[in-house]
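Pasted below: query24.txt, compact mmCIF, C-alpha atoms (C1' of nucleotides).
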# COMPACT_ATOMS: atom_id res chain seq x y z
CA MET A 1 100.72 -79.04 -37.79
CA THR A 2 98.59 -79.82 -34.78
CA LYS A 3 94.97 -80.74 -35.00
CA ALA A 4 94.04 -77.53 -33.24
CA SER A 5 95.41 -75.35 -35.97
CA LYS A 6 93.53 -77.05 -38.77
CA GLY A 7 90.05 -75.77 -38.12
CA SER A 8 86.84 -77.76 -38.23
CA LEU A 9 84.04 -77.94 -40.72
CA VAL A 10 80.77 -78.78 -39.00
CA ILE A 11 78.44 -80.22 -41.60
CA LEU A 12 74.80 -79.99 -40.60
CA LEU A 13 72.80 -82.24 -42.87
CA GLY A 14 69.40 -83.88 -43.08
CA PRO A 15 66.29 -84.16 -45.20
CA THR A 16 64.44 -81.14 -46.47
CA GLY A 17 62.13 -79.59 -43.91
CA VAL A 18 63.80 -81.16 -40.89
CA GLY A 19 64.88 -77.79 -39.49
CA LYS A 20 68.47 -77.27 -40.60
CA THR A 21 68.33 -73.54 -41.24
CA GLU A 22 67.23 -72.38 -37.81
CA LEU A 23 69.53 -74.76 -35.98
CA SER A 24 72.49 -73.83 -38.17
CA LEU A 25 72.05 -70.21 -37.08
CA LYS A 26 72.06 -71.10 -33.41
CA ILE A 27 75.11 -73.28 -33.73
CA ALA A 28 76.98 -70.78 -35.88
CA GLU A 29 76.21 -68.02 -33.39
CA LYS A 30 77.40 -70.17 -30.55
CA LEU A 31 80.63 -71.05 -32.34
CA GLY A 32 81.13 -67.66 -33.90
CA SER A 33 81.25 -69.30 -37.32
CA PRO A 34 80.07 -68.25 -40.74
CA ILE A 35 77.61 -70.48 -42.60
CA LEU A 36 78.36 -72.09 -45.88
CA SER A 37 75.21 -73.27 -47.60
CA CYS A 38 75.32 -76.61 -49.32
CA ASP A 39 72.17 -76.53 -51.35
CA SER A 40 72.12 -76.96 -55.10
CA ARG A 41 69.03 -74.79 -55.49
CA GLN A 42 69.47 -72.07 -52.89
CA LEU A 43 72.57 -71.19 -54.85
CA TYR A 44 70.34 -69.53 -57.42
CA LYS A 45 68.91 -66.05 -57.27
CA ASN A 46 65.17 -65.50 -57.25
CA LEU A 47 64.18 -68.89 -55.88
CA THR A 48 63.97 -67.80 -52.27
CA ILE A 49 60.46 -68.91 -51.33
CA GLY A 50 60.41 -72.24 -53.13
CA THR A 51 63.81 -73.37 -51.89
CA ALA A 52 63.12 -72.22 -48.32
CA ALA A 53 66.26 -70.12 -48.43
CA PRO A 54 67.25 -68.23 -45.28
CA THR A 55 65.27 -65.01 -44.83
CA ARG A 56 66.81 -61.57 -44.85
CA GLU A 57 66.69 -61.49 -41.03
CA GLN A 58 68.42 -64.84 -40.85
CA LEU A 59 71.06 -63.71 -43.30
CA GLU A 60 71.73 -60.72 -41.10
CA ARG A 61 72.29 -62.83 -38.02
CA VAL A 62 75.18 -64.80 -39.49
CA LYS A 63 77.32 -64.31 -42.55
CA HIS A 64 76.20 -66.78 -45.23
CA TYR A 65 77.92 -67.97 -48.37
CA PHE A 66 76.50 -69.58 -51.50
CA ILE A 67 72.97 -68.26 -51.12
CA GLY A 68 71.54 -66.65 -54.23
CA THR A 69 74.88 -66.19 -55.91
CA LEU A 70 74.10 -67.79 -59.26
CA GLU A 71 71.96 -66.67 -62.17
CA LEU A 72 69.31 -69.16 -63.24
CA THR A 73 71.15 -69.47 -66.53
CA ASP A 74 74.50 -70.33 -64.94
CA TYR A 75 75.94 -73.79 -65.38
CA TYR A 76 76.92 -75.39 -62.12
CA SER A 77 77.78 -78.80 -60.71
CA ALA A 78 78.89 -80.63 -57.60
CA SER A 79 82.46 -80.49 -58.77
CA LYS A 80 82.31 -76.77 -59.25
CA TYR A 81 80.91 -76.51 -55.78
CA GLU A 82 83.82 -78.56 -54.48
CA GLU A 83 86.23 -76.15 -56.10
CA ASP A 84 84.46 -72.99 -54.97
CA ALA A 85 83.80 -74.18 -51.45
CA LEU A 86 87.34 -75.42 -50.84
CA GLN A 87 88.74 -72.15 -52.01
CA LEU A 88 86.44 -70.23 -49.72
CA LEU A 89 87.11 -72.52 -46.77
CA ALA A 90 90.84 -71.96 -47.10
CA LEU A 91 90.17 -68.27 -46.63
CA LEU A 92 87.65 -68.66 -43.84
CA PHE A 93 89.90 -70.88 -41.78
CA HIS A 94 92.42 -68.05 -41.64
CA ASP A 95 90.32 -66.31 -39.05
CA HIS A 96 87.77 -68.89 -37.94
CA GLN A 97 88.35 -71.97 -35.87
CA SER A 98 85.18 -73.53 -37.23
CA VAL A 99 82.82 -73.12 -40.15
CA VAL A 100 79.28 -74.45 -40.28
CA MET A 101 78.15 -76.01 -43.53
CA THR A 102 74.46 -76.72 -43.85
CA GLY A 103 72.30 -78.18 -46.55
CA GLY A 104 70.78 -81.28 -47.96
CA SER A 105 72.36 -81.69 -51.38
CA MET A 106 73.83 -85.11 -50.95
CA MET A 107 76.30 -85.06 -53.76
CA TYR A 108 77.53 -81.60 -52.87
CA ILE A 109 78.17 -82.69 -49.31
CA ASP A 110 80.12 -85.69 -50.50
CA ALA A 111 82.05 -83.54 -52.94
CA ILE A 112 83.39 -81.59 -49.97
CA ALA A 113 83.72 -84.38 -47.45
CA LYS A 114 85.07 -87.08 -49.74
CA GLY A 115 85.95 -85.34 -52.96
CA ILE A 116 84.85 -86.03 -56.48
CA ASP A 117 86.95 -87.43 -59.30
CA GLU A 118 88.66 -85.13 -61.75
CA ILE A 119 86.61 -85.45 -64.88
CA PRO A 120 86.88 -82.89 -67.66
CA THR A 121 83.92 -80.57 -68.06
CA VAL A 122 81.94 -81.49 -71.12
CA ASP A 123 82.00 -79.22 -74.10
CA GLU A 124 78.72 -77.42 -74.59
CA GLN A 125 78.42 -78.20 -78.27
CA LEU A 126 79.06 -81.89 -77.74
CA ARG A 127 76.41 -82.01 -75.06
CA LYS A 128 73.96 -80.36 -77.43
CA ASP A 129 74.77 -82.77 -80.22
CA LEU A 130 74.27 -85.83 -78.07
CA GLN A 131 71.12 -84.38 -76.62
CA GLU A 132 69.81 -83.98 -80.14
CA LEU A 133 70.76 -87.51 -81.07
CA TYR A 134 68.97 -88.76 -77.97
CA GLN A 135 65.82 -86.79 -78.81
CA LYS A 136 65.81 -88.04 -82.38
CA GLU A 137 66.89 -91.65 -82.11
CA GLY A 138 66.62 -92.53 -78.47
CA LEU A 139 69.22 -94.08 -76.25
CA ASP A 140 70.12 -97.11 -78.37
CA PRO A 141 72.76 -95.54 -80.64
CA ILE A 142 74.32 -93.81 -77.62
CA ARG A 143 74.45 -97.02 -75.64
CA GLU A 144 75.99 -98.77 -78.61
CA GLN A 145 78.77 -96.19 -78.91
CA LEU A 146 79.44 -96.43 -75.20
CA ARG A 147 79.64 -100.20 -75.46
CA LEU A 148 82.39 -99.86 -78.04
CA LEU A 149 84.30 -97.01 -76.37
CA ASP A 150 84.04 -98.04 -72.72
CA PRO A 151 82.86 -101.64 -72.30
CA GLU A 152 83.83 -101.60 -68.65
CA PHE A 153 81.48 -98.77 -67.78
CA TYR A 154 78.87 -100.12 -70.18
CA ASN A 155 78.69 -103.23 -68.05
CA PHE A 156 78.57 -101.25 -64.85
CA VAL A 157 76.12 -98.46 -65.62
CA ASP A 158 72.35 -98.54 -65.36
CA LEU A 159 71.69 -98.65 -69.11
CA LYS A 160 68.22 -97.23 -68.72
CA ASN A 161 69.43 -94.08 -67.04
CA HIS A 162 69.99 -91.79 -70.00
CA LYS A 163 71.79 -89.09 -68.04
CA ARG A 164 74.50 -91.46 -66.87
CA VAL A 165 74.86 -93.18 -70.23
CA ILE A 166 75.03 -89.91 -72.15
CA HIS A 167 77.48 -88.34 -69.76
CA ALA A 168 79.84 -91.30 -69.94
CA LEU A 169 79.81 -91.14 -73.71
CA GLU A 170 80.38 -87.39 -73.66
CA VAL A 171 83.54 -87.89 -71.66
CA CYS A 172 84.75 -90.71 -73.90
CA LEU A 173 84.22 -88.69 -77.05
CA MET A 174 85.75 -85.57 -75.63
CA THR A 175 88.88 -87.04 -74.10
CA GLY A 176 89.52 -90.06 -76.26
CA LYS A 177 89.83 -92.03 -73.04
CA THR A 178 87.35 -94.26 -71.29
CA TYR A 179 85.02 -92.74 -68.75
CA SER A 180 86.03 -95.53 -66.37
CA SER A 181 89.61 -94.33 -66.40
CA PHE A 182 88.52 -91.14 -64.64
CA ARG A 183 86.63 -92.95 -61.94
CA THR A 184 89.05 -93.60 -59.12
CA ASN A 185 86.56 -93.43 -56.30
CA SER A 186 89.30 -92.38 -53.93
CA LYS A 187 88.72 -90.30 -50.85
CA LYS A 188 90.52 -86.98 -50.85
CA GLU A 189 92.32 -85.60 -47.81
CA ARG A 190 91.14 -82.23 -46.57
CA PRO A 191 93.21 -79.67 -44.66
CA PHE A 192 90.51 -79.38 -41.99
CA ASN A 193 88.55 -81.65 -39.68
CA ILE A 194 85.08 -82.71 -40.72
CA ILE A 195 82.27 -83.35 -38.27
CA LYS A 196 78.96 -84.52 -39.69
CA ILE A 197 75.82 -83.84 -37.69
CA GLY A 198 72.67 -85.45 -39.08
CA LEU A 199 69.22 -84.17 -38.22
CA LYS A 200 66.37 -86.61 -38.11
CA ARG A 201 62.68 -86.64 -37.25
CA ASP A 202 60.03 -89.35 -37.25
CA ARG A 203 58.60 -89.67 -40.70
CA GLU A 204 55.12 -88.58 -39.69
CA GLU A 205 56.50 -85.48 -38.03
CA LEU A 206 58.69 -84.65 -41.02
CA TYR A 207 55.87 -85.12 -43.51
CA GLU A 208 53.61 -82.86 -41.52
CA ARG A 209 56.26 -80.15 -41.43
CA ILE A 210 56.77 -80.49 -45.17
CA ASN A 211 53.04 -80.21 -45.90
CA LEU A 212 52.69 -77.17 -43.67
CA ARG A 213 55.76 -75.57 -45.16
CA VAL A 214 54.37 -75.90 -48.68
CA ASP A 215 51.13 -74.23 -47.61
CA GLN A 216 53.18 -71.48 -46.02
CA MET A 217 55.20 -71.05 -49.21
CA MET A 218 52.01 -70.59 -51.19
CA GLN A 219 50.87 -67.95 -48.71
CA ASP A 220 54.23 -66.26 -49.03
CA GLY A 221 53.82 -65.93 -52.78
CA LEU A 222 55.41 -68.99 -54.34
CA LEU A 223 53.04 -68.85 -57.30
CA GLU A 224 54.12 -65.32 -58.06
CA GLU A 225 57.76 -66.32 -57.73
CA ALA A 226 57.21 -69.19 -60.16
CA ARG A 227 55.43 -66.90 -62.59
CA LYS A 228 58.42 -64.56 -62.64
CA VAL A 229 60.82 -67.28 -63.73
CA TYR A 230 58.35 -69.11 -65.95
CA HIS A 231 60.14 -68.18 -69.15
CA PHE A 232 63.26 -70.00 -67.86
CA ARG A 233 61.33 -73.14 -67.10
CA HIS A 234 63.42 -75.33 -69.41
CA LEU A 235 66.62 -74.63 -67.47
CA ASN A 236 68.09 -77.19 -65.13
CA SER A 237 67.99 -74.71 -62.29
CA LEU A 238 64.21 -74.78 -62.55
CA ASN A 239 63.88 -78.51 -62.78
CA THR A 240 63.12 -78.11 -59.12
CA VAL A 241 60.39 -79.25 -56.76
CA GLY A 242 57.99 -76.39 -56.11
CA TYR A 243 58.49 -74.82 -59.51
CA LYS A 244 58.01 -77.59 -62.03
CA GLU A 245 54.61 -78.43 -60.54
CA LEU A 246 53.47 -74.81 -60.68
CA PHE A 247 54.69 -74.51 -64.26
CA ASN A 248 52.26 -77.30 -65.10
CA TYR A 249 49.50 -75.28 -63.54
CA LEU A 250 50.57 -72.15 -65.42
CA ASP A 251 50.55 -74.22 -68.60
CA ASP A 252 46.98 -75.08 -67.79
CA SER A 253 47.70 -78.77 -67.62
CA CYS A 254 46.42 -79.19 -64.06
CA ASP A 255 44.54 -77.20 -61.46
CA LEU A 256 46.23 -75.36 -58.61
CA ASP A 257 45.19 -77.74 -55.83
CA PHE A 258 46.62 -80.65 -57.75
CA ALA A 259 49.89 -78.79 -58.31
CA ILE A 260 50.16 -78.01 -54.60
CA GLU A 261 49.50 -81.64 -53.66
CA LYS A 262 52.20 -82.66 -56.12
CA ILE A 263 54.68 -80.26 -54.55
CA LYS A 264 54.01 -81.80 -51.16
CA GLN A 265 54.29 -85.29 -52.52
CA ASN A 266 57.49 -84.66 -54.47
CA THR A 267 59.05 -82.93 -51.48
CA ARG A 268 58.22 -85.96 -49.32
CA ILE A 269 59.75 -88.26 -51.91
CA TYR A 270 62.83 -86.08 -52.09
CA SER A 271 63.22 -86.18 -48.32
CA ARG A 272 63.18 -89.96 -48.47
CA LYS A 273 65.84 -90.05 -51.14
CA GLN A 274 68.00 -87.86 -48.96
CA MET A 275 67.54 -90.17 -45.99
CA ALA A 276 68.37 -93.19 -48.14
CA TRP A 277 71.62 -91.53 -49.17
CA PHE A 278 72.60 -90.34 -45.70
CA LYS A 279 71.77 -93.68 -44.12
CA ARG A 280 74.82 -95.24 -45.68
CA ASP A 281 77.20 -92.64 -44.30
CA GLU A 282 78.62 -94.01 -41.08
CA GLU A 283 80.44 -90.80 -40.22
CA ILE A 284 77.19 -89.05 -39.42
CA LYS A 285 76.25 -88.55 -35.78
CA TRP A 286 72.47 -88.29 -35.59
CA PHE A 287 70.35 -85.94 -33.46
CA HIS A 288 66.80 -84.64 -33.27
CA PRO A 289 66.71 -80.93 -34.23
CA ASP A 290 65.45 -80.10 -30.74
CA GLN A 291 68.65 -81.44 -29.21
CA GLU A 292 70.44 -78.15 -29.60
CA GLU A 293 72.23 -78.45 -26.25
CA GLU A 294 73.37 -81.99 -26.92
CA ILE A 295 74.71 -81.06 -30.33
CA ILE A 296 76.66 -78.11 -29.01
CA ASP A 297 77.94 -80.28 -26.17
CA TYR A 298 78.98 -82.90 -28.64
CA LEU A 299 80.85 -80.30 -30.65
CA LEU A 300 82.52 -78.55 -27.75
CA LYS A 301 83.49 -81.62 -25.76
CA GLY A 302 86.22 -83.11 -27.77
CA HIS A 303 85.02 -82.87 -31.28
CA LEU A 304 85.98 -79.34 -32.05
CA SER A 305 89.69 -78.71 -31.95
C1' G B 1 8.24 -96.87 -48.73
C1' G B 2 8.95 -99.49 -53.98
C1' U B 3 12.21 -100.93 -58.05
C1' G B 4 16.94 -101.28 -60.22
C1' C B 5 22.30 -101.04 -60.03
C1' C B 6 26.74 -101.25 -57.11
C1' A B 7 30.05 -103.03 -52.80
C1' U B 8 37.38 -106.22 -54.55
C1' A B 9 44.39 -102.76 -52.43
C1' G B 10 45.05 -96.13 -49.47
C1' C B 11 42.03 -94.15 -54.20
C1' U B 12 39.68 -95.19 -59.18
C1' C B 13 38.37 -99.69 -61.05
C1' A B 14 39.37 -104.74 -63.85
C1' G B 15 38.61 -109.97 -63.00
C1' U B 16 37.62 -114.95 -61.51
C1' U B 17 32.34 -119.99 -67.06
C1' G B 18 33.30 -121.74 -58.64
C1' G B 19 40.03 -123.63 -57.29
C1' U B 20 41.36 -117.22 -52.03
C1' A B 21 42.83 -111.94 -57.25
C1' G B 22 45.39 -107.55 -60.81
C1' A B 23 45.98 -102.61 -63.45
C1' G B 24 46.74 -97.26 -63.07
C1' C B 25 47.68 -93.71 -59.44
C1' A B 26 49.30 -93.44 -54.41
C1' A B 27 52.60 -95.82 -50.83
C1' C B 28 57.22 -98.19 -49.78
C1' G B 29 62.47 -99.98 -50.76
C1' G B 30 67.00 -99.26 -53.56
C1' A B 31 70.92 -97.10 -56.87
C1' C B 32 73.69 -92.76 -57.31
C1' U B 33 80.94 -89.14 -58.64
C1' G B 34 80.61 -82.98 -63.14
C1' A B 35 72.50 -81.55 -64.84
C1' A B 36 71.77 -84.48 -58.23
C1' A B 37 65.45 -80.81 -55.48
C1' A B 38 68.31 -84.31 -61.32
C1' U B 39 67.97 -89.28 -63.35
C1' C B 40 66.94 -94.41 -62.99
C1' C B 41 65.50 -99.35 -60.93
C1' G B 42 62.49 -102.58 -57.89
C1' U B 43 58.10 -104.14 -54.55
C1' G B 44 51.20 -105.76 -54.13
C1' U B 45 50.65 -103.97 -49.01
C1' G B 46 43.75 -107.53 -49.62
C1' U B 47 38.45 -110.77 -43.91
C1' C B 48 37.20 -109.64 -52.45
C1' C B 49 30.85 -105.59 -47.12
C1' C B 50 28.32 -109.06 -43.37
C1' U B 51 25.27 -113.51 -42.70
C1' A B 52 23.21 -118.23 -43.76
C1' G B 53 22.94 -121.85 -47.68
C1' U B 54 24.42 -125.02 -52.16
C1' U B 55 29.38 -127.28 -53.01
C1' C B 56 35.12 -131.31 -51.98
C1' G B 57 35.85 -125.96 -52.41
C1' A B 58 32.30 -119.48 -52.57
C1' U B 59 35.29 -113.29 -53.60
C1' U B 60 32.33 -115.55 -57.75
C1' C B 61 25.93 -118.93 -57.46
C1' U B 62 21.39 -118.54 -53.97
C1' U B 63 18.82 -116.34 -49.23
C1' G B 64 18.63 -112.50 -45.77
C1' G B 65 21.01 -108.08 -43.97
C1' U B 66 23.97 -103.43 -44.06
C1' G B 67 25.83 -99.25 -46.78
C1' G B 68 25.95 -96.20 -51.32
C1' C B 69 23.86 -94.40 -56.01
C1' A B 70 19.79 -93.80 -59.52
C1' C B 71 14.76 -93.77 -60.74
C1' C B 72 9.60 -94.12 -58.97
C1' A B 73 6.48 -92.68 -55.03

For this file, write the structure as structure tokens.
Amino acid sequence: MTKASKGSLVILLGPTGVGKTELSLKIAEKLGSPILSCDSRQLYKNLTIGTAAPTREQLERVKHYFIGTLELTDYYSASKYEEDALQLLALLFHDHQSVVMTGGSMMYIDAIAKGIDEIPTVDEQLRKDLQELYQKEGLDPIREQLRLLDPEFYNFVDLKNHKRVIHALEVCLMTGKTYSSFRTNSKKERPFNIIKIGLKRDREELYERINLRVDQMMQDGLLEEARKVYHFRHLNSLNTVGYKELFNYLDDSCDLDFAIEKIKQNTRIYSRKQMAWFKRDEEIKWFHPDQEEEIIDYLLKGHLS
RNA sequence: GGUGCCAUAGCUCAGUUGGUAGAGCAACGGACUGAAAAUCCGUGUGUCCCUAGUUCGAUUCUUGGUGGCACCA
């Protein structure tokens, strides 16, 4: 099989607010590609304003996948995304030479580009039970069990991070094997080329865009959107910047201005975490979002098959 | 105009019986494989308002300013 017949996945990544959506449309139009969203929150229905999902007009310009396809109550994960996206890509590469993937969910991107280890999905009841134990007795008894069942991971893991500790124990209890034994950390081969384009702005510029975007979201009716999903507030899908802060306001535990400031602040912090993650990825070729021509040049001259 | 109180980190404030200072929040750095917009870890960034004294040494005490607040006119 020649390189040319494989097809190319152009991954457009970068921190929130940098300008991925608009640029992804231009590039997809230029390449005649569909867009595959890689955003752990835009996947959900009814979160369009707060997640800055593509607008109806934008969705009409280019065919999008993985926007608003999940119910707020649906369970989802990076590994499920890997599965779903790979399946879809196999289909799309039948009649497209390239597909544009865009989004900022770091682990989802890596799940596609590098793969994620095969770890069994945790049984719902077991998760509930451990959650209950954690609520009642704290992390100590869970840590202790993990120490006995998987000393290797116990020594490796951040013991203060309850999510990691609990998940490792879940897997141990469910499979009867150590969690470590599932962690191979190997890079998976993909049947397509991968080109990573990173979008970057000066911090000051990015922060200003984020602040303005939050104000715009409020004008567009974010508060109303949050109110509509308020009764689902305990779900993971709504443990999301832009919603959790407004839920506090709706609970009467802070005033609206404070909630809005918190949204801005938490979005800025999130953007930094994204940059910290992306910084380590040496496969990324970085551009400013205004460098549309350069990016397309880069893709056409030798990088696209 | 008079009297009193205050001035310390980006903000709100502790504190130093005289040996150049510390909390919360913010800010910043990092980790990250099935909940990841999640979760967790780390870091003090400072003309202690200015000036002149006393002192081996002043952010701390004294003098005089400047600014703010309160009360009295």

Which residues of chain B sit at most 9 Å from chain A, using all atoms listed in the file? Give each one's shortest atom pair and distance in Å (one decimal place), in chain and ascending residue order, as JSON lines.
{"residue": "B:G30", "atom": "C1'", "partner": "A:Ala276", "partner_atom": "CA", "distance": 8.3}
{"residue": "B:A31", "atom": "C1'", "partner": "A:Asp158", "partner_atom": "CA", "distance": 8.7}
{"residue": "B:C32", "atom": "C1'", "partner": "A:Trp277", "partner_atom": "CA", "distance": 8.5}
{"residue": "B:U33", "atom": "C1'", "partner": "A:Ile116", "partner_atom": "CA", "distance": 5.4}
{"residue": "B:G34", "atom": "C1'", "partner": "A:Ser79", "partner_atom": "CA", "distance": 5.4}
{"residue": "B:A35", "atom": "C1'", "partner": "A:Asn236", "partner_atom": "CA", "distance": 6.2}
{"residue": "B:A36", "atom": "C1'", "partner": "A:Met107", "partner_atom": "CA", "distance": 6.4}
{"residue": "B:A37", "atom": "C1'", "partner": "A:Thr240", "partner_atom": "CA", "distance": 5.1}
{"residue": "B:A38", "atom": "C1'", "partner": "A:Asn239", "partner_atom": "CA", "distance": 7.4}
{"residue": "B:U39", "atom": "C1'", "partner": "A:Lys163", "partner_atom": "CA", "distance": 6.1}
{"residue": "B:C40", "atom": "C1'", "partner": "A:Asn161", "partner_atom": "CA", "distance": 4.8}
{"residue": "B:C41", "atom": "C1'", "partner": "A:Asp158", "partner_atom": "CA", "distance": 8.2}

List the spatial neighbours of G18 (chain B) as a PDB file with C-alpha atoms (C1' of nucleotides), in the coordinates of the input - criterion: any atom at most 9 Å away, only C-alpha atoms (C1' of nucleotides), same-chain residues fewer than 6 positions off excluded.
ATOM      1  C1'   U B  55      29.380-127.280 -53.010  1.00  0.00           C
ATOM      2  C1'   G B  57      35.850-125.960 -52.410  1.00  0.00           C
ATOM      3  C1'   A B  58      32.300-119.480 -52.570  1.00  0.00           C
ATOM      4  C1'   U B  60      32.330-115.550 -57.750  1.00  0.00           C
ATOM      5  C1'   C B  61      25.930-118.930 -57.460  1.00  0.00           C
TER       6        C B  61
END

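If you look at CA of Gly176 (chain A) and CA of Glu82 (chain A), they are 25.3 Å away from each other.
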
Shell of 12 Å around C25 (chain B), all atoms listed in the file, local chain residues under 4 positions omitted, as a compact mmCIF listing (two decimals) with C-alpha atoms (C1' of nucleotides), keeping the file's coordinate frame:
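Contents of part_13.txt, freshly written:
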# COMPACT_ATOMS: atom_id res chain seq x y z
C1' A B 9 44.39 -102.76 -52.43
C1' G B 10 45.05 -96.13 -49.47
C1' C B 11 42.03 -94.15 -54.20
C1' U B 12 39.68 -95.19 -59.18
C1' C B 13 38.37 -99.69 -61.05

(request) Go through A:Arg272, A:Met218, A:Glu57, A:Lys63 and flag the residue nearest Leu246 (chain A), using only C-alpha atoms for the distances. (result) A:Met218

(request) Would you kindly return, as JSON, numbers by chain, each protein, DNA or RNA residue with an atom no farther than 9 Å from any atom of region 248-258 of chain A, considering all atoms listed in the file and excluding same-chain residues fewer than 5 positions away? (result) {"A": [226, 227, 230, 243, 263]}

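Here CA of Leu72 (chain A) is placed at a distance of 22.6 Å from CA of Gln87 (chain A).
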
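If you look at CA of Gln135 (chain A) and CA of Ile166 (chain A), they are 11.8 Å away from each other.
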
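Residues surrounding Glu292 (chain A) within 9 Å are Leu23, Lys26, Ile27, Phe287, His288, Ile296 and Asp297 of chain A [all atoms listed in the file; sequence separation below 4 positions excluded].
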
(message) Ranking A:Lys20, A:Lys177, A:Lys244, A:Lys285 by minimum distance to Lys196 (chain A) and counting all atoms listed in the file, which one comes first?
(response) A:Lys285

All heavy atoms for region 211-217 of chain A, written as a PDB file, in the frame of the given file, could you do that?
ATOM      1  N   ASN A 211      54.351 -80.640 -45.387  1.00  0.00           N
ATOM      2  CA  ASN A 211      53.040 -80.210 -45.900  1.00  0.00           C
ATOM      3  C   ASN A 211      52.720 -78.793 -45.461  1.00  0.00           C
ATOM      4  O   ASN A 211      52.262 -77.974 -46.255  1.00  0.00           O
ATOM      5  CB  ASN A 211      51.954 -81.167 -45.418  1.00  0.00           C
ATOM      6  CG  ASN A 211      52.126 -82.564 -46.004  1.00  0.00           C
ATOM      7  OD1 ASN A 211      52.812 -82.748 -47.011  1.00  0.00           O
ATOM      8  ND2 ASN A 211      51.532 -83.547 -45.372  1.00  0.00           N
ATOM      9  N   LEU A 212      52.966 -78.508 -44.179  1.00  0.00           N
ATOM     10  CA  LEU A 212      52.690 -77.170 -43.670  1.00  0.00           C
ATOM     11  C   LEU A 212      53.581 -76.128 -44.335  1.00  0.00           C
ATOM     12  O   LEU A 212      53.154 -75.017 -44.635  1.00  0.00           O
ATOM     13  CB  LEU A 212      52.898 -77.127 -42.147  1.00  0.00           C
ATOM     14  CG  LEU A 212      51.822 -77.824 -41.316  1.00  0.00           C
ATOM     15  CD1 LEU A 212      52.215 -77.852 -39.843  1.00  0.00           C
ATOM     16  CD2 LEU A 212      50.471 -77.132 -41.494  1.00  0.00           C
ATOM     17  N   ARG A 213      54.826 -76.517 -44.563  1.00  0.00           N
ATOM     18  CA  ARG A 213      55.760 -75.570 -45.160  1.00  0.00           C
ATOM     19  C   ARG A 213      55.338 -75.206 -46.581  1.00  0.00           C
ATOM     20  O   ARG A 213      55.470 -74.058 -47.002  1.00  0.00           O
ATOM     21  CB  ARG A 213      57.189 -76.132 -45.148  1.00  0.00           C
ATOM     22  CG  ARG A 213      58.223 -75.086 -45.506  1.00  0.00           C
ATOM     23  CD  ARG A 213      59.640 -75.592 -45.385  1.00  0.00           C
ATOM     24  NE  ARG A 213      59.958 -76.549 -46.422  1.00  0.00           N
ATOM     25  CZ  ARG A 213      61.185 -76.991 -46.676  1.00  0.00           C
ATOM     26  NH1 ARG A 213      62.201 -76.577 -45.931  1.00  0.00           N
ATOM     27  NH2 ARG A 213      61.410 -77.851 -47.629  1.00  0.00           N
ATOM     28  N   VAL A 214      54.827 -76.188 -47.314  1.00  0.00           N
ATOM     29  CA  VAL A 214      54.370 -75.900 -48.680  1.00  0.00           C
ATOM     30  C   VAL A 214      53.188 -74.929 -48.641  1.00  0.00           C
ATOM     31  O   VAL A 214      53.134 -73.968 -49.417  1.00  0.00           O
ATOM     32  CB  VAL A 214      54.018 -77.195 -49.435  1.00  0.00           C
ATOM     33  CG1 VAL A 214      53.362 -76.881 -50.773  1.00  0.00           C
ATOM     34  CG2 VAL A 214      55.268 -78.045 -49.653  1.00  0.00           C
ATOM     35  N   ASP A 215      52.253 -75.170 -47.731  1.00  0.00           N
ATOM     36  CA  ASP A 215      51.130 -74.230 -47.610  1.00  0.00           C
ATOM     37  C   ASP A 215      51.631 -72.827 -47.283  1.00  0.00           C
ATOM     38  O   ASP A 215      51.141 -71.838 -47.820  1.00  0.00           O
ATOM     39  CB  ASP A 215      50.162 -74.704 -46.502  1.00  0.00           C
ATOM     40  CG  ASP A 215      49.394 -75.959 -46.929  1.00  0.00           C
ATOM     41  OD1 ASP A 215      49.219 -76.162 -48.150  1.00  0.00           O
ATOM     42  OD2 ASP A 215      48.992 -76.731 -46.046  1.00  0.00           O
ATOM     43  N   GLN A 216      52.605 -72.772 -46.400  1.00  0.00           N
ATOM     44  CA  GLN A 216      53.180 -71.480 -46.020  1.00  0.00           C
ATOM     45  C   GLN A 216      53.852 -70.806 -47.222  1.00  0.00           C
ATOM     46  O   GLN A 216      53.690 -69.606 -47.438  1.00  0.00           O
ATOM     47  CB  GLN A 216      54.191 -71.679 -44.884  1.00  0.00           C
ATOM     48  CG  GLN A 216      54.742 -70.385 -44.301  1.00  0.00           C
ATOM     49  CD  GLN A 216      53.640 -69.516 -43.686  1.00  0.00           C
ATOM     50  OE1 GLN A 216      52.821 -70.010 -42.909  1.00  0.00           O
ATOM     51  NE2 GLN A 216      53.592 -68.245 -44.053  1.00  0.00           N
ATOM     52  N   MET A 217      54.551 -71.595 -48.011  1.00  0.00           N
ATOM     53  CA  MET A 217      55.200 -71.050 -49.210  1.00  0.00           C
ATOM     54  C   MET A 217      54.184 -70.438 -50.152  1.00  0.00           C
ATOM     55  O   MET A 217      54.417 -69.372 -50.732  1.00  0.00           O
ATOM     56  CB  MET A 217      55.954 -72.156 -49.963  1.00  0.00           C
ATOM     57  CG  MET A 217      57.263 -72.581 -49.331  1.00  0.00           C
ATOM     58  SD  MET A 217      57.969 -73.972 -50.271  1.00  0.00           S
ATOM     59  CE  MET A 217      59.490 -74.225 -49.347  1.00  0.00           C
TER      60      MET A 217
END
